[in-house]
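Engineer: Okay, here's the structure, questions in a sec.
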Amino acid sequence: MNSQANGIFDFEVFSLNENLASEGLGNNQKGLFVAIAGEEAPNDKELLTKMLQAAGFDMAEDTKVFWITTHQPFSFSSLRNGFGFSNALFFGIPPKQAGLKLDAKPYQPLTLNGVSYLFSASLTDILANPTLKRPLWEGMKEMFKV
């Protein structure tokens with residue numbers, strides 16, 4: 001906990017990673033933000049590509065994908081302001097890390113202020129435990145009206 005000598009701050013203060021905008025991949029034609037915990041891996045990318053295709057998205061054209069390799073918080077709101085996202089998928093990234101104060105349940109879409117959110121286990125965890133694919137797909141179907 002960070003606090004000032006006069007006790008003004010009684011909460012944790014941390015800096016947000018504001019450089020993500022230059023790290024994203026894709027053309028964002030359909031306003032879909034995708035954040036994935038960990039390094040980009042071929043198996044994870046293949047799974048993501050298949051899931052997005054099943055929901056009607058081309059990963060390279062329709063999305064902006066970010067591989068998040070640190071636990072450092074970032075500002076989804078800043079990214080949304082810059083890119084105009086209307087949907088956001090988070091794989092292995094909790095709301096707090098994205099700078100969001102949301103009480104989101106995994107695999108249950110949540111819409112707030114014109115953005116639909118879906119939080120999921122990491123792609124690595126989904127590959128290791130295929131039973132997680134079903135709740136993810138059900139959440140994606142609900143979110144994207146597939």
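If you're wondering about the labels, chains in the structure tokens are A, B, ... by order shown, residues count from 1 in each chain, ligands from 1 in order shown.
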Name all residues at most 10 Å from Trp67 of chain A (count only C-alpha atoms; drop same-chain ones fewer than 2 positions away) and give them as an NGL selection string.
Structural biologist: :A and (20 or 23-25 or 34-41 or 65 or 69-70 or 91)
Engineer: Given the selection you just returned, output its residues as a file containing N, CA and C atoms, formatted as an mmCIF file, in the first residue's frame.
Structural biologist:
```cif
data_model
loop_
_atom_site.group_PDB
_atom_site.id
_atom_site.type_symbol
_atom_site.label_atom_id
_atom_site.label_comp_id
_atom_site.auth_asym_id
_atom_site.auth_seq_id
_atom_site.Cartn_x
_atom_site.Cartn_y
_atom_site.Cartn_z
ATOM 1 N N LEU A 20 0.138 -0.111 -24.917
ATOM 2 C CA LEU A 20 -0.445 -1.268 -25.587
ATOM 3 C C LEU A 20 -0.927 -0.953 -26.997
ATOM 4 N N GLU A 23 1.113 -2.185 -29.664
ATOM 5 C CA GLU A 23 1.424 -3.606 -29.634
ATOM 6 C C GLU A 23 0.330 -4.489 -30.229
ATOM 7 N N GLY A 24 -0.834 -3.968 -30.462
ATOM 8 C CA GLY A 24 -1.948 -4.779 -30.935
ATOM 9 C C GLY A 24 -1.798 -5.215 -32.382
ATOM 10 N N LEU A 25 -2.376 -6.378 -32.675
ATOM 11 C CA LEU A 25 -2.356 -6.930 -34.028
ATOM 12 C C LEU A 25 -3.774 -6.971 -34.582
ATOM 13 N N VAL A 34 -9.383 -8.106 -28.151
ATOM 14 C CA VAL A 34 -9.065 -9.415 -27.587
ATOM 15 C C VAL A 34 -7.754 -9.279 -26.817
ATOM 16 N N ALA A 35 -7.780 -9.624 -25.524
ATOM 17 C CA ALA A 35 -6.575 -9.600 -24.696
ATOM 18 C C ALA A 35 -6.310 -11.010 -24.195
ATOM 19 N N ILE A 36 -5.074 -11.483 -24.402
ATOM 20 C CA ILE A 36 -4.691 -12.831 -24.037
ATOM 21 C C ILE A 36 -3.497 -12.778 -23.105
ATOM 22 N N ALA A 37 -3.610 -13.446 -21.953
ATOM 23 C CA ALA A 37 -2.498 -13.506 -21.004
ATOM 24 C C ALA A 37 -1.415 -14.428 -21.544
ATOM 25 N N GLY A 38 -0.184 -13.951 -21.512
ATOM 26 C CA GLY A 38 0.952 -14.781 -21.898
ATOM 27 C C GLY A 38 1.561 -14.410 -23.235
ATOM 28 N N GLU A 39 2.598 -15.151 -23.571
ATOM 29 C CA GLU A 39 3.292 -14.970 -24.849
ATOM 30 C C GLU A 39 2.452 -15.562 -25.981
ATOM 31 N N GLU A 40 2.607 -15.016 -27.165
ATOM 32 C CA GLU A 40 1.925 -15.572 -28.330
ATOM 33 C C GLU A 40 2.485 -16.963 -28.606
ATOM 34 N N ALA A 41 1.605 -17.949 -28.670
ATOM 35 C CA ALA A 41 2.008 -19.333 -28.926
ATOM 36 C C ALA A 41 1.178 -19.881 -30.084
ATOM 37 N N VAL A 65 -5.884 -7.644 -31.425
ATOM 38 C CA VAL A 65 -5.463 -8.657 -30.469
ATOM 39 C C VAL A 65 -4.207 -8.196 -29.741
ATOM 40 N N THR A 69 1.919 -9.904 -21.640
ATOM 41 C CA THR A 69 2.964 -10.749 -21.053
ATOM 42 C C THR A 69 3.360 -10.332 -19.647
ATOM 43 N N THR A 70 2.672 -9.379 -19.088
ATOM 44 C CA THR A 70 2.975 -8.907 -17.746
ATOM 45 C C THR A 70 1.682 -8.820 -16.945
ATOM 46 N N PHE A 91 -8.854 -13.276 -22.087
ATOM 47 C CA PHE A 91 -8.449 -14.650 -21.817
ATOM 48 C C PHE A 91 -7.355 -14.646 -20.757
#
```
Engineer: Determine, counting only C-alpha atoms, which protein, DNA and RNA residues have an atom within 12 Å of an atom of Pro135 of chain A; residues of the same chain fewer than 5 positions away are not included. Present the result as a PyMOL selection string.
Structural biologist: chain A and resi 105-109+118-121+126+129-130+140-142
Engineer: Quick one: of A:Leu110, A:Tyr117, A:Met51, A:Asn43, who's nearest to Arg134 of chain A, counting only C-alpha atoms?
Structural biologist: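 Under the stated criterion, the closest residue is A:Met51.
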Engineer: For Thr49 of chain A, work out the shell of residues within 12 Å, counting only C-alpha atoms and skipping chain neighbours fewer than 5 positions away, then give it as a PyMOL selection string.
Structural biologist: chain A and resi 34+42-44+54-63+65+123
Engineer: One decimal, Å: what's the distance from atom CA of His71 of chain A over to atom CA of Lys50 of chain A, could you say?
Structural biologist: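 Separation between atom CA of His71 of chain A and atom CA of Lys50 of chain A: 26.3 Å.
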